[in-house]
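Dumped start37.cif below, it's mmCIF, C-alpha atoms:
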data_protein
loop_
_atom_site.label_atom_id
_atom_site.label_comp_id
_atom_site.auth_asym_id
_atom_site.auth_seq_id
_atom_site.Cartn_x
_atom_site.Cartn_y
_atom_site.Cartn_z
CA MET I 325 -17.86 4.88 -32.39
CA GLN I 326 -14.12 5.26 -31.96
CA ALA I 327 -14.68 7.42 -28.88
CA VAL I 328 -16.96 4.78 -27.31
CA MET I 329 -14.27 2.15 -27.91
CA TYR I 330 -11.70 4.34 -26.17
CA ILE I 331 -14.02 4.87 -23.18
CA VAL I 332 -14.75 1.14 -22.91
CA ARG I 333 -11.02 0.42 -23.10
CA TYR I 334 -10.33 2.97 -20.36
CA LEU I 335 -13.11 1.88 -18.01
CA VAL I 336 -13.37 -1.89 -18.52
CA PHE I 337 -10.63 -3.67 -20.43
CA PRO I 338 -7.70 -3.15 -20.15
CA GLY I 339 -8.48 -0.09 -18.07
CA PHE I 340 -10.08 0.38 -14.69
CA VAL I 341 -12.02 -2.84 -13.93
CA PHE I 342 -9.37 -5.20 -15.24
CA SER I 343 -6.46 -3.30 -13.65
CA ALA I 344 -8.23 -3.03 -10.31
CA VAL I 345 -9.03 -6.76 -10.15
CA VAL I 346 -5.55 -7.87 -11.22
CA GLY I 347 -3.91 -5.22 -9.01
CA LEU I 348 -5.89 -6.32 -5.95
CA LEU I 349 -4.98 -9.95 -6.68
CA THR I 350 -1.33 -8.83 -6.84
CA THR I 351 -1.59 -7.23 -3.41
CA TRP I 352 -2.90 -10.61 -2.21
CA VAL I 353 0.17 -12.32 -3.74
CA ASP I 354 2.28 -9.75 -1.88
CA ARG I 355 0.60 -10.44 1.46
CA LYS I 356 0.62 -14.21 0.97
CA VAL I 357 4.31 -14.34 -0.02
CA SER I 358 5.19 -12.04 2.89
CA ALA I 359 3.29 -14.37 5.22
CA ARG I 360 5.03 -17.47 3.86
CA VAL I 361 8.44 -15.77 4.24
CA GLN I 362 7.58 -15.16 7.91
CA LEU I 363 6.33 -18.80 8.30
CA ARG I 364 2.70 -17.63 8.65
CA VAL I 365 -0.34 -18.85 6.74
CA GLY I 366 -1.47 -15.52 5.34
CA PRO I 367 -4.87 -14.16 4.27
CA PRO I 368 -7.28 -15.89 1.85
CA TRP I 369 -7.38 -14.79 -1.80
CA PHE I 370 -10.47 -12.56 -1.43
CA GLN I 371 -8.90 -10.50 1.36
CA PRO I 372 -8.09 -7.33 -0.69
CA PHE I 373 -11.61 -7.38 -2.18
CA ALA I 374 -13.19 -7.70 1.28
CA ASP I 375 -11.03 -4.80 2.52
CA THR I 376 -12.09 -2.58 -0.40
CA ILE I 377 -15.82 -3.37 -0.11
CA LYS I 378 -15.69 -2.83 3.65
CA LEU I 379 -14.00 0.56 3.25
CA PHE I 380 -16.68 1.71 0.79
CA GLY I 381 -19.26 0.99 3.49
CA LYS I 382 -17.52 2.95 6.24
CA GLU I 383 -18.12 6.53 7.32
CA VAL I 384 -16.19 9.22 5.41
CA ILE I 385 -14.59 11.77 7.74
CA VAL I 386 -13.17 15.07 6.52
CA PRO I 387 -11.16 16.73 9.31
CA SER I 388 -12.41 20.20 10.22
CA ASN I 389 -9.05 21.84 9.42
CA ALA I 390 -8.61 19.95 6.13
CA ARG I 391 -9.05 21.49 2.71
CA TRP I 392 -11.79 19.18 1.48
CA THR I 393 -11.36 19.86 -2.26
CA GLY I 394 -7.74 18.73 -2.31
CA PHE I 395 -8.30 16.09 0.32
CA LEU I 396 -11.13 14.32 -1.52
CA LEU I 397 -10.24 15.04 -5.16
CA MET I 398 -6.62 13.97 -5.10
CA PRO I 399 -7.20 10.21 -4.62
CA ILE I 400 -9.55 10.27 -7.63
CA ILE I 401 -7.00 12.13 -9.79
CA GLY I 402 -4.32 9.66 -8.73
CA LEU I 403 -6.61 6.75 -9.58
CA ALA I 404 -7.41 8.23 -12.99
CA ALA I 405 -3.70 8.65 -13.75
CA ALA I 406 -2.80 5.14 -12.61
CA THR I 407 -5.63 3.74 -14.75
CA LEU I 408 -4.41 5.74 -17.76
CA ALA I 409 -0.87 4.39 -17.39
CA SER I 410 -2.24 0.86 -17.10
CA THR I 411 -4.44 1.32 -20.16
CA ILE I 412 -1.58 2.59 -22.33
CA LEU I 413 0.77 -0.20 -21.24
CA TRP I 414 -1.77 -3.00 -21.73
CA SER I 415 -3.00 -1.67 -25.08
CA VAL I 416 0.55 -1.53 -26.40
CA ASN I 417 1.38 -4.98 -25.09
CA LEU I 418 -1.77 -6.57 -26.49
CA ALA I 419 -1.50 -4.86 -29.88
CA PRO I 420 1.89 -3.21 -30.61
CA GLU I 421 0.46 -1.31 -33.59
CA ARG I 422 -1.63 0.82 -31.19
CA THR I 423 1.52 2.68 -30.15
CA PHE I 424 2.08 6.40 -30.79
CA ILE I 425 5.26 8.45 -30.81
CA GLY I 426 6.21 9.49 -27.30
CA ASP I 427 3.90 7.11 -25.43
CA THR I 428 6.87 6.06 -23.28
CA LEU I 429 7.29 9.65 -22.11
CA VAL I 430 3.55 10.01 -21.46
CA THR I 431 3.58 6.85 -19.35
CA LEU I 432 6.67 7.98 -17.44
CA TYR I 433 4.98 11.29 -16.62
CA VAL I 434 1.59 9.78 -15.80
CA MET I 435 3.23 7.28 -13.46
CA THR I 436 4.43 10.14 -11.22
CA ILE I 437 0.92 11.63 -10.87
CA PRO I 438 -0.31 9.18 -8.17
CA ALA I 439 2.68 10.16 -6.02
CA LEU I 440 2.02 13.88 -6.67
CA ALA I 441 -1.66 13.39 -5.83
CA MET I 442 -0.75 11.78 -2.52
CA ILE I 443 1.63 14.66 -1.75
CA ILE I 444 -1.18 17.18 -2.24
CA GLY I 445 -3.76 14.99 -0.48
CA GLY I 446 -1.49 14.46 2.50
CA SER I 447 -0.70 18.14 2.90
CA ALA I 448 -4.39 19.06 2.47
CA SER I 449 -5.37 16.74 5.34
CA GLY I 450 -4.43 19.33 7.97
CA ASN I 451 -2.54 16.74 9.98
CA PRO I 452 1.11 17.42 10.91
CA LEU I 453 2.04 13.78 10.34
CA GLY I 454 0.29 13.91 6.96
CA ALA I 455 2.35 16.97 6.04
CA LEU I 456 5.49 15.16 7.20
CA GLY I 457 4.58 12.20 5.00
CA SER I 458 4.03 14.56 2.05
CA ALA I 459 7.43 16.18 2.54
CA ARG I 460 9.09 12.78 2.65
CA GLU I 461 7.20 11.58 -0.43
CA MET I 462 8.38 14.68 -2.30
CA LYS I 463 12.04 14.10 -1.37
CA LEU I 464 11.71 10.44 -2.31
CA LEU I 465 10.19 11.42 -5.67
CA PHE I 466 13.14 13.69 -6.40
CA ALA I 467 15.51 10.92 -5.36
CA TYR I 468 14.22 7.99 -7.44
CA GLU I 469 13.03 9.75 -10.58
CA LEU I 470 16.59 10.57 -11.72
CA PRO I 471 18.03 7.01 -11.79
CA LEU I 472 14.72 5.58 -13.06
CA THR I 473 14.67 7.97 -16.02
CA ILE I 474 18.31 7.31 -16.89
CA ALA I 475 17.81 3.54 -16.61
CA PHE I 476 14.85 3.84 -18.92
CA LEU I 477 16.82 6.02 -21.35
CA THR I 478 19.40 3.24 -21.85
CA THR I 479 16.68 1.30 -23.64
CA ILE I 480 15.72 4.37 -25.66
CA VAL I 481 19.37 4.86 -26.69
CA LYS I 482 19.59 1.24 -27.88
CA VAL I 483 16.30 1.23 -29.72
CA GLY I 484 16.50 4.78 -31.04
CA SER I 485 12.78 5.47 -30.68
CA PHE I 486 10.39 6.88 -28.08
CA SER I 487 7.49 4.50 -28.72
CA PHE I 488 6.65 1.27 -26.91
CA GLY I 489 5.81 -0.41 -30.20
CA LYS I 490 9.37 0.08 -31.49
CA ILE I 491 10.84 -1.05 -28.16
CA LEU I 492 8.79 -4.27 -28.25
CA MET I 493 9.61 -4.86 -31.93
CA TYR I 494 13.36 -4.31 -31.30
CA GLN I 495 13.31 -6.81 -28.45
CA GLN I 496 11.47 -9.33 -30.60
CA TYR I 497 14.15 -9.28 -33.32
CA ASN I 498 17.35 -8.50 -31.37
CA GLY I 499 16.71 -10.28 -28.07
CA VAL I 500 15.49 -8.75 -24.81
CA MET I 501 17.29 -5.86 -23.11
CA LEU I 502 18.13 -8.15 -20.19
CA GLY I 503 20.47 -10.05 -22.52
CA SER I 504 22.99 -7.18 -22.59
CA VAL I 505 25.26 -5.82 -19.84
CA SER I 506 23.71 -2.34 -19.90
CA GLY I 507 20.23 -3.88 -19.81
CA VAL I 508 21.01 -5.92 -16.69
CA LEU I 509 22.46 -2.88 -14.88
CA ALA I 510 19.49 -0.69 -15.85
CA PHE I 511 17.08 -3.46 -14.77
CA ILE I 512 18.65 -3.62 -11.29
CA VAL I 513 18.31 0.16 -10.94
CA ALA I 514 14.70 0.02 -12.15
CA ILE I 515 13.78 -2.68 -9.60
CA PHE I 516 15.06 -0.54 -6.71
CA CYS I 517 13.30 2.56 -8.09
CA ALA I 518 10.08 0.53 -8.39
CA GLN I 519 10.47 -0.37 -4.74
CA ALA I 520 10.47 3.34 -3.87
CA LYS I 521 7.71 4.16 -6.36
CA LEU I 522 5.37 1.63 -4.79
CA GLY I 523 6.27 2.71 -1.25
CA PHE I 524 7.69 -0.65 -0.17
CA LEU I 525 10.28 -1.33 2.44
CA PRO I 526 13.10 -0.28 2.61
CA PHE I 527 11.63 2.90 1.06
CA ASP I 528 8.18 3.08 2.71
CA ILE I 529 9.36 6.25 4.48
CA PRO I 530 6.33 8.41 3.48
CA GLU I 531 3.81 5.88 4.82
CA ALA I 532 5.81 4.49 7.76
CA GLU I 533 2.98 2.89 9.77
CA THR I 534 4.91 2.43 12.99
CA GLU I 535 6.62 5.79 12.88
CA ILE I 536 4.27 8.45 11.48
CA ALA I 537 1.08 6.34 11.59
CA GLY I 538 0.40 6.12 7.87
CA GLY I 539 1.88 9.48 6.81
CA THR I 540 0.02 10.73 3.76
CA HIS I 541 -2.84 8.24 4.37
CA ILE I 542 -3.34 9.15 8.01
CA GLU I 543 -6.58 11.14 7.79
CA TYR I 544 -8.27 9.12 5.03
CA SER I 545 -11.19 6.92 6.05
CA GLY I 546 -13.96 5.04 4.28
CA ALA I 547 -14.35 5.43 0.51
CA PRO I 548 -11.36 7.81 -0.05
CA LEU I 549 -9.11 5.31 1.74
CA ALA I 550 -10.48 2.56 -0.51
CA ILE I 551 -9.63 4.69 -3.54
CA VAL I 552 -6.12 5.36 -2.21
CA ARG I 553 -5.63 1.62 -1.76
CA LEU I 554 -7.01 0.87 -5.24
CA ASN I 555 -4.57 3.44 -6.54
CA THR I 556 -1.67 1.58 -4.89
CA ALA I 557 -3.02 -1.74 -6.21
CA ILE I 558 -3.15 -0.46 -9.81
CA MET I 559 0.36 1.00 -9.50
CA TYR I 560 1.38 -2.45 -8.30
CA LEU I 561 0.27 -3.72 -11.71
CA VAL I 562 1.65 -0.79 -13.73
CA VAL I 563 5.22 -0.60 -12.44
CA PRO I 564 6.18 -4.30 -12.97
CA LEU I 565 4.47 -4.19 -16.37
CA PHE I 566 6.47 -1.08 -17.30
CA ILE I 567 9.71 -2.82 -16.31
CA ILE I 568 8.75 -5.96 -18.26
CA THR I 569 7.84 -3.91 -21.34
CA VAL I 570 11.03 -1.87 -21.31
CA PHE I 571 13.58 -4.53 -20.30
CA TRP I 572 12.04 -7.98 -20.72
CA GLY I 573 10.23 -8.10 -24.03
CA GLY I 574 6.71 -7.26 -22.85
CA VAL I 575 3.82 -9.62 -22.20
CA ASN I 576 1.99 -11.57 -24.88
CA PHE I 577 -1.26 -13.52 -24.71
CA THR I 578 -1.08 -15.72 -27.78
CA GLY I 579 -0.72 -19.48 -27.25
CA TRP I 580 1.81 -20.80 -24.77
CA ARG I 581 3.33 -17.34 -24.27
CA ILE I 582 0.56 -16.61 -21.76
CA LEU I 583 2.49 -18.81 -19.35
CA THR I 584 5.85 -17.03 -19.78
CA SER I 585 4.12 -13.63 -19.55
CA VAL I 586 2.46 -14.47 -16.23
CA LEU I 587 5.71 -16.00 -14.98
CA LYS I 588 7.66 -12.82 -15.83
CA TYR I 589 5.12 -10.71 -13.95
CA VAL I 590 5.02 -12.98 -10.89
CA ALA I 591 8.84 -13.23 -10.89
CA ILE I 592 9.23 -9.43 -10.71
CA VAL I 593 6.53 -9.15 -8.02
CA VAL I 594 8.18 -11.89 -5.93
CA ILE I 595 11.62 -10.24 -6.28
CA MET I 596 10.13 -7.00 -4.96
CA VAL I 597 8.30 -8.76 -2.12
CA LEU I 598 11.49 -10.54 -1.08
CA ILE I 599 13.44 -7.24 -1.05
CA LYS I 600 10.57 -5.78 0.99
CA ASN I 601 10.65 -8.59 3.54
CA THR I 602 14.41 -8.71 4.09
CA ASN I 603 15.15 -5.03 4.62
CA PRO I 604 14.49 -2.52 7.40
CA ARG I 605 13.19 0.98 6.73
CA VAL I 606 15.93 3.50 5.91
CA LYS I 607 15.94 7.19 6.80
CA ILE I 608 15.01 9.71 4.11
CA ALA I 609 18.61 11.04 3.94
CA GLN I 610 19.92 7.50 3.44
CA ALA I 611 17.35 6.89 0.71
CA VAL I 612 18.32 10.07 -1.17
CA ARG I 613 22.03 9.23 -0.79
CA PHE I 614 21.34 5.70 -2.07
CA PHE I 615 19.51 6.88 -5.18
CA TRP I 616 21.75 9.82 -6.04
CA GLY I 617 24.94 7.85 -5.21
CA PRO I 618 25.22 4.17 -6.16
CA MET I 619 21.99 3.96 -8.18
CA PHE I 620 22.83 7.05 -10.23
CA ALA I 621 26.36 5.72 -10.81
CA ILE I 622 25.10 2.31 -11.97
CA SER I 623 22.52 3.86 -14.28
CA ALA I 624 25.14 6.25 -15.71
CA ILE I 625 27.49 3.30 -16.37
CA ALA I 626 24.62 1.45 -18.05
CA MET I 627 23.94 4.52 -20.20
CA ILE I 628 27.61 4.79 -21.30
CA LEU I 629 27.71 1.05 -22.07
CA ALA I 630 24.52 1.39 -24.12
CA ILE I 631 26.00 4.29 -26.12
CA ILE I 632 29.17 2.35 -26.99
CA GLY I 633 27.11 -0.68 -27.91
CA TYR I 634 27.09 -3.17 -25.02
CA MET J 1037 -27.02 -8.44 6.14
CA SER J 1038 -25.54 -5.90 3.74
CA LEU J 1039 -22.47 -6.63 1.64
CA ALA J 1040 -20.36 -4.00 3.39
CA LEU J 1041 -21.15 -5.51 6.78
CA LYS J 1042 -20.30 -8.98 5.50
CA ALA J 1043 -16.98 -7.64 4.22
CA LEU J 1044 -16.37 -5.93 7.57
CA LYS J 1045 -16.58 -9.32 9.28
CA LYS J 1046 -13.90 -10.62 6.92
CA SER J 1047 -11.48 -7.73 7.46
CA PRO J 1048 -11.62 -6.16 10.92
CA TRP J 1049 -8.78 -3.65 11.22
CA ILE J 1050 -7.66 -3.13 14.75
CA PHE J 1051 -6.32 0.06 16.31
CA HIS J 1052 -4.57 -0.48 19.60
CA VAL J 1053 -4.85 2.15 22.33
CA ASN J 1054 -2.90 2.07 25.57
CA THR J 1055 -4.61 4.16 28.25
CA GLY J 1056 -2.06 3.52 30.97
CA ALA J 1057 -1.44 -0.23 30.88
CA CYS J 1058 1.79 -1.78 32.13
CA ASN J 1059 2.71 -2.94 28.57
CA ASN J 1060 2.09 -6.60 29.33
CA CYS J 1061 -1.21 -6.66 27.42
CA ASP J 1062 0.44 -4.92 24.47
CA ILE J 1063 3.05 -7.68 24.21
CA GLU J 1064 0.26 -10.27 24.14
CA ILE J 1065 -1.46 -8.39 21.30
CA LEU J 1066 1.74 -8.64 19.26
CA ASP J 1067 1.78 -12.38 20.01
CA CYS J 1068 -1.41 -12.71 17.98
CA LEU J 1069 0.44 -11.56 14.85
CA THR J 1070 3.25 -14.12 15.21
CA PRO J 1071 3.38 -17.36 13.15
CA ARG J 1072 1.80 -19.43 15.92
CA PHE J 1073 -1.52 -17.57 15.92
CA ASP J 1074 -1.35 -15.44 12.72
CA VAL J 1075 -4.61 -13.50 12.92
CA GLU J 1076 -3.97 -12.14 9.41
CA ARG J 1077 -5.54 -15.43 8.25
CA PHE J 1078 -8.87 -13.86 9.26
CA GLY J 1079 -8.04 -10.49 7.74
CA VAL J 1080 -7.12 -8.86 11.05
CA VAL J 1081 -4.53 -6.11 10.57
CA LEU J 1082 -3.06 -3.73 13.13
CA VAL J 1083 -3.39 -0.23 11.63
CA GLY J 1084 -1.43 2.89 12.54
CA SER J 1085 -4.17 5.52 12.30
CA VAL J 1086 -7.51 5.57 14.12
CA ARG J 1087 -9.23 6.72 10.90
CA HIS J 1088 -8.61 3.27 9.40
CA ALA J 1089 -9.92 1.34 12.41
CA ASP J 1090 -12.92 -0.98 12.72
CA VAL J 1091 -12.17 -2.18 16.24
CA LEU J 1092 -10.61 -0.14 19.05
CA LEU J 1093 -8.63 -2.49 21.30
CA ILE J 1094 -8.09 -0.51 24.50
CA SER J 1095 -5.81 -1.78 27.26
CA GLY J 1096 -5.20 -0.33 30.71
CA PRO J 1097 -7.04 1.69 33.35
CA VAL J 1098 -7.95 5.21 32.28
CA THR J 1099 -5.60 7.79 33.78
CA GLN J 1100 -6.37 11.48 34.25
CA ASN J 1101 -4.04 12.57 31.45
CA ILE J 1102 -5.30 10.10 28.86
CA LEU J 1103 -9.03 10.66 29.47
CA PRO J 1104 -9.59 13.63 27.06
CA ARG J 1105 -7.46 11.87 24.43
CA LEU J 1106 -9.46 8.67 24.81
CA LYS J 1107 -12.71 10.54 24.22
CA ARG J 1108 -11.24 12.29 21.17
CA LEU J 1109 -9.96 8.99 19.76
CA TYR J 1110 -13.42 7.47 20.11
CA GLU J 1111 -14.95 10.45 18.32
CA ALA J 1112 -12.29 10.36 15.58
CA ALA J 1113 -12.97 6.75 14.63
CA PRO J 1114 -15.19 6.18 11.57
CA ARG J 1115 -18.51 4.43 12.25
CA PRO J 1116 -19.36 1.55 12.57
CA ILE J 1117 -16.78 1.10 15.32
CA LYS J 1118 -16.51 -1.56 18.01
CA VAL J 1119 -14.72 -1.00 21.32
CA VAL J 1120 -13.05 -3.85 23.18
CA ALA J 1121 -11.86 -3.43 26.78
CA PHE J 1122 -8.69 -5.44 27.10
CA GLY J 1123 -7.11 -7.04 30.16
CA ALA J 1124 -8.03 -6.96 33.84
CA CYS J 1125 -7.18 -3.24 34.01
CA GLY J 1126 -9.27 -2.43 30.96
CA CYS J 1127 -12.30 -4.19 32.41
CA ARG J 1128 -12.15 -3.13 36.10
CA CYS J 1129 -8.87 -1.18 36.64
CA GLY J 1130 -7.17 -4.29 38.12
CA ILE J 1131 -4.38 -3.65 40.59
CA PHE J 1132 -4.33 0.05 39.73
CA ARG J 1133 -7.87 0.53 41.11
CA ASP J 1134 -6.73 2.71 44.03
CA GLY J 1135 -4.07 4.63 42.08
CA TYR J 1136 -4.05 8.42 42.69
CA ASN J 1137 -4.23 9.20 38.97
CA VAL J 1138 -6.74 6.52 37.88
CA VAL J 1139 -10.18 7.90 37.10
CA GLY J 1140 -11.92 4.58 36.51
CA PRO J 1141 -12.54 1.80 34.00
CA MET J 1142 -13.17 2.95 30.44
CA ASP J 1143 -16.85 1.90 30.31
CA LYS J 1144 -17.57 4.89 32.54
CA PHE J 1145 -16.60 7.20 29.65
CA ILE J 1146 -17.21 5.42 26.32
CA PRO J 1147 -19.55 2.57 25.31
CA VAL J 1148 -17.77 -0.80 25.40
CA ASP J 1149 -18.94 -3.74 23.26
CA ALA J 1150 -16.84 -6.55 24.71
CA TYR J 1151 -14.54 -7.32 27.63
CA ILE J 1152 -11.50 -9.56 27.38
CA PRO J 1153 -10.35 -10.30 30.96
CA GLY J 1154 -7.00 -11.68 32.07
CA CYS J 1155 -3.67 -10.34 33.27
CA PRO J 1156 -2.63 -10.53 30.50
CA PRO J 1157 -5.25 -12.37 28.38
CA LYS J 1158 -3.94 -15.34 26.42
CA PRO J 1159 -3.85 -14.94 22.61
CA GLU J 1160 -6.59 -17.59 22.35
CA THR J 1161 -8.78 -15.42 24.59
CA ILE J 1162 -8.08 -12.37 22.43
CA ILE J 1163 -9.06 -14.18 19.22
CA SER J 1164 -12.24 -15.53 20.87
CA GLY J 1165 -13.12 -12.01 22.07
CA ILE J 1166 -12.65 -10.49 18.62
CA VAL J 1167 -14.83 -13.22 17.09
CA LYS J 1168 -17.58 -12.47 19.62
CA VAL J 1169 -17.43 -8.74 18.81
CA LEU J 1170 -17.75 -9.46 15.09
CA ASN J 1171 -20.73 -11.75 15.70
CA GLN J 1172 -22.53 -8.82 17.35
CA LEU J 1173 -22.54 -6.93 14.01
#
Here is a file; write its structure as structure tokens.
Amino acid sequence: MQAVMYIVRYLVFPGFVFSAVVGLLTTWVDRKVSARVQLRVGPPWFQPFADTIKLFGKEVIVPSNARWTGFLLMPIIGLAAATLASTILWSVNLAPERTFIGDTLVTLYVMTIPALAMIIGGSASGNPLGALGSAREMKLLFAYELPLTIAFLTTIVKVGSFSFGKILMYQQYNGVMLGSVSGVLAFIVAIFCAQAKLGFLPFDIPEAETEIAGGTHIEYSGAPLAIVRLNTAIMYLVVPLFIITVFWGGVNFTGWRILTSVLKYVAIVVIMVLIKNTNPRVKIAQAVRFFWGPMFAISAIAMILAIIGY
Amino acid sequence: MSLALKALKKSPWIFHVNTGACNNCDIEILDCLTPRFDVERFGVVLVGSVRHADVLLISGPVTQNILPRLKRLYEAAPRPIKVVAFGACGCRCGIFRDGYNVVGPMDKFIPVDAYIPGCPPKPETIISGIVKVLNQL
């Protein structure tokens, strides 16, 4: 019985179906806000759903010099990992007693798997631009994981525990992490790292549409492309939720707190969309320098402040 | 009509190919994405890879060098795919008809579903052409 409950949670709520629907709606918010920033009208709300259904109906092409196992399996593995991260985060937010020791670390690891899957999928596609995209994705992964982990560790240092339940409980009694100096600094670092994790401008270097024609996605068509896009959509839900859980007191669906929870989520998404729309694409060297230079310094300062109690 | 086909009408992704045009048509295609016309309202997106395409928007007369690449692009696109010949040159080679390196209009080499004439076509014409192509589905 317990096992069936876990499977239902993973596949329906708050797992795959729920995350996919909310994630796709979030990509619509992204496109709509982008359009309004550029004084356009923007697509209707069902646009991401129409795109996904259309892609499932298209022909699937596997290039003759591609390694089809890696090429076709990797999007599915990435999707499974993104769904797992979403399930853990939602379960903990909906019922903090469902936490287990080290779930923060599990989530942090699982959140890197979609990027790893795209690296393997891109290099298995047999396309030189796909391989180039994979190489860039790998460098970007090395660049942003360091400051993101340190920013996240500031919270761990303050709370003194590796479980989401304790982090949420601490923020309930002692105020949110954003109320302290170290929390604000770590939050800024986390927002920029999320920008790179989701492949948004100014860090959309691996997928650069106008430069390397889609990079890691270049050879995907039909259903695998739909899965890759679902993967991105679910990560779009996971990363803001992770930031809210760690720095902003989590989301809560009892009574009027539904409203503040949705507002927190939309606020973080809109901040990221605005950064995306006001910045040009940087080069990979500039991105690595940015993350290992200023971002690392800010996160290190936040860490020291957290240790001495600010 | 199947669900996937219905969805295809709501989100035609366009891949733009230049087979030797003078770049004037290409500027007009970009005009369609600007705030005044904003074809993203109808789900139209310009994609970077031919594997993602639903509509091939091809501008220019076909030159000798581009011909094998044009055929390969058409073969690389996932079905169902629609091909639109774009501009006076795309339809009938235009002023480049007697050029030494022009091998002919593209409908000699690949099947074309719609023609959008003009030098260059106005954005209104482009949108009307795309709508007609989608109604063929």
Quick one: residues within 9 Å of region 516-530 of chain I, only C-alpha atoms counted, chain neighbours fewer than 6 positions away excluded, as a PDB file with C-alpha atoms, in the frame of the given file?
ATOM      1  CA  MET I 435       3.230   7.280 -13.460  1.00  0.00           C
ATOM      2  CA  THR I 436       4.430  10.140 -11.220  1.00  0.00           C
ATOM      3  CA  ALA I 439       2.680  10.160  -6.020  1.00  0.00           C
ATOM      4  CA  GLY I 454       0.290  13.910   6.960  1.00  0.00           C
ATOM      5  CA  LEU I 456       5.490  15.160   7.200  1.00  0.00           C
ATOM      6  CA  GLY I 457       4.580  12.200   5.000  1.00  0.00           C
ATOM      7  CA  SER I 458       4.030  14.560   2.050  1.00  0.00           C
ATOM      8  CA  ALA I 459       7.430  16.180   2.540  1.00  0.00           C
ATOM      9  CA  ARG I 460       9.090  12.780   2.650  1.00  0.00           C
ATOM     10  CA  GLU I 461       7.200  11.580  -0.430  1.00  0.00           C
ATOM     11  CA  MET I 462       8.380  14.680  -2.300  1.00  0.00           C
ATOM     12  CA  LEU I 464      11.710  10.440  -2.310  1.00  0.00           C
ATOM     13  CA  LEU I 465      10.190  11.420  -5.670  1.00  0.00           C
ATOM     14  CA  TYR I 468      14.220   7.990  -7.440  1.00  0.00           C
ATOM     15  CA  GLU I 469      13.030   9.750 -10.580  1.00  0.00           C
ATOM     16  CA  PRO I 471      18.030   7.010 -11.790  1.00  0.00           C
ATOM     17  CA  LEU I 472      14.720   5.580 -13.060  1.00  0.00           C
ATOM     18  CA  ILE I 536       4.270   8.450  11.480  1.00  0.00           C
ATOM     19  CA  GLY I 538       0.400   6.120   7.870  1.00  0.00           C
ATOM     20  CA  GLY I 539       1.880   9.480   6.810  1.00  0.00           C
ATOM     21  CA  THR I 540       0.020  10.730   3.760  1.00  0.00           C
ATOM     22  CA  THR I 556      -1.670   1.580  -4.890  1.00  0.00           C
ATOM     23  CA  MET I 559       0.360   1.000  -9.500  1.00  0.00           C
ATOM     24  CA  TYR I 560       1.380  -2.450  -8.300  1.00  0.00           C
ATOM     25  CA  VAL I 563       5.220  -0.600 -12.440  1.00  0.00           C
ATOM     26  CA  PRO I 564       6.180  -4.300 -12.970  1.00  0.00           C
ATOM     27  CA  ILE I 567       9.710  -2.820 -16.310  1.00  0.00           C
ATOM     28  CA  MET I 596      10.130  -7.000  -4.960  1.00  0.00           C
ATOM     29  CA  VAL I 597       8.300  -8.760  -2.120  1.00  0.00           C
ATOM     30  CA  ILE I 599      13.440  -7.240  -1.050  1.00  0.00           C
ATOM     31  CA  LYS I 600      10.570  -5.780   0.990  1.00  0.00           C
ATOM     32  CA  ASN I 601      10.650  -8.590   3.540  1.00  0.00           C
ATOM     33  CA  THR I 602      14.410  -8.710   4.090  1.00  0.00           C
ATOM     34  CA  ASN I 603      15.150  -5.030   4.620  1.00  0.00           C
ATOM     35  CA  PRO I 604      14.490  -2.520   7.400  1.00  0.00           C
ATOM     36  CA  ARG I 605      13.190   0.980   6.730  1.00  0.00           C
ATOM     37  CA  VAL I 606      15.930   3.500   5.910  1.00  0.00           C
ATOM     38  CA  LYS I 607      15.940   7.190   6.800  1.00  0.00           C
ATOM     39  CA  ILE I 608      15.010   9.710   4.110  1.00  0.00           C
ATOM     40  CA  ALA I 611      17.350   6.890   0.710  1.00  0.00           C
ATOM     41  CA  PHE I 615      19.510   6.880  -5.180  1.00  0.00           C
ATOM     42  CA  MET I 619      21.990   3.960  -8.180  1.00  0.00           C
TER      43      MET I 619
END
Could you tell me, as a short mmCIF file (atom, residue, chain, number, x, y, z; two decimals) with C-alpha atoms, in the coordinates of the input, exactly which residues end up selected when the PyMOL selection byres ((chain J) within 7 of (chain I)) is applied to this structure?
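Done, and the output landed in result.cif:
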data_model
loop_
_atom_site.label_atom_id
_atom_site.label_comp_id
_atom_site.auth_asym_id
_atom_site.auth_seq_id
_atom_site.Cartn_x
_atom_site.Cartn_y
_atom_site.Cartn_z
CA ALA J 1040 -20.36 -4.00 3.39
CA LEU J 1041 -21.15 -5.51 6.78
CA ALA J 1043 -16.98 -7.64 4.22
CA LEU J 1044 -16.37 -5.93 7.57
CA LYS J 1046 -13.90 -10.62 6.92
CA SER J 1047 -11.48 -7.73 7.46
CA PRO J 1071 3.38 -17.36 13.15
CA ASP J 1074 -1.35 -15.44 12.72
CA GLU J 1076 -3.97 -12.14 9.41
CA ARG J 1077 -5.54 -15.43 8.25
CA PHE J 1078 -8.87 -13.86 9.26
CA GLY J 1079 -8.04 -10.49 7.74
CA GLY J 1084 -1.43 2.89 12.54
CA SER J 1085 -4.17 5.52 12.30
CA ARG J 1087 -9.23 6.72 10.90
CA HIS J 1088 -8.61 3.27 9.40
CA PRO J 1114 -15.19 6.18 11.57
CA ARG J 1115 -18.51 4.43 12.25
CA PRO J 1116 -19.36 1.55 12.57
#
query: Taking the file as shown, what set of residues would the PyMOL selection byres ((chain J and resi 1170-1172) around 10) give back, as a PyMOL selection string?
result: chain J and resi 1041-1042+1044-1046+1048+1091+1118+1149-1150+1165-1169+1173
task: Would you mind listing what lies within 7 Å of region 497-514 of chain I as an NGL selection string, with all atoms listed in the file counted and same-chain residues fewer than 3 positions away left out?
output: :I and (471-472 or 475 or 493-494 or 517-518 or 571-573 or 619 or 622-623 or 626-627 or 629-630 or 634)
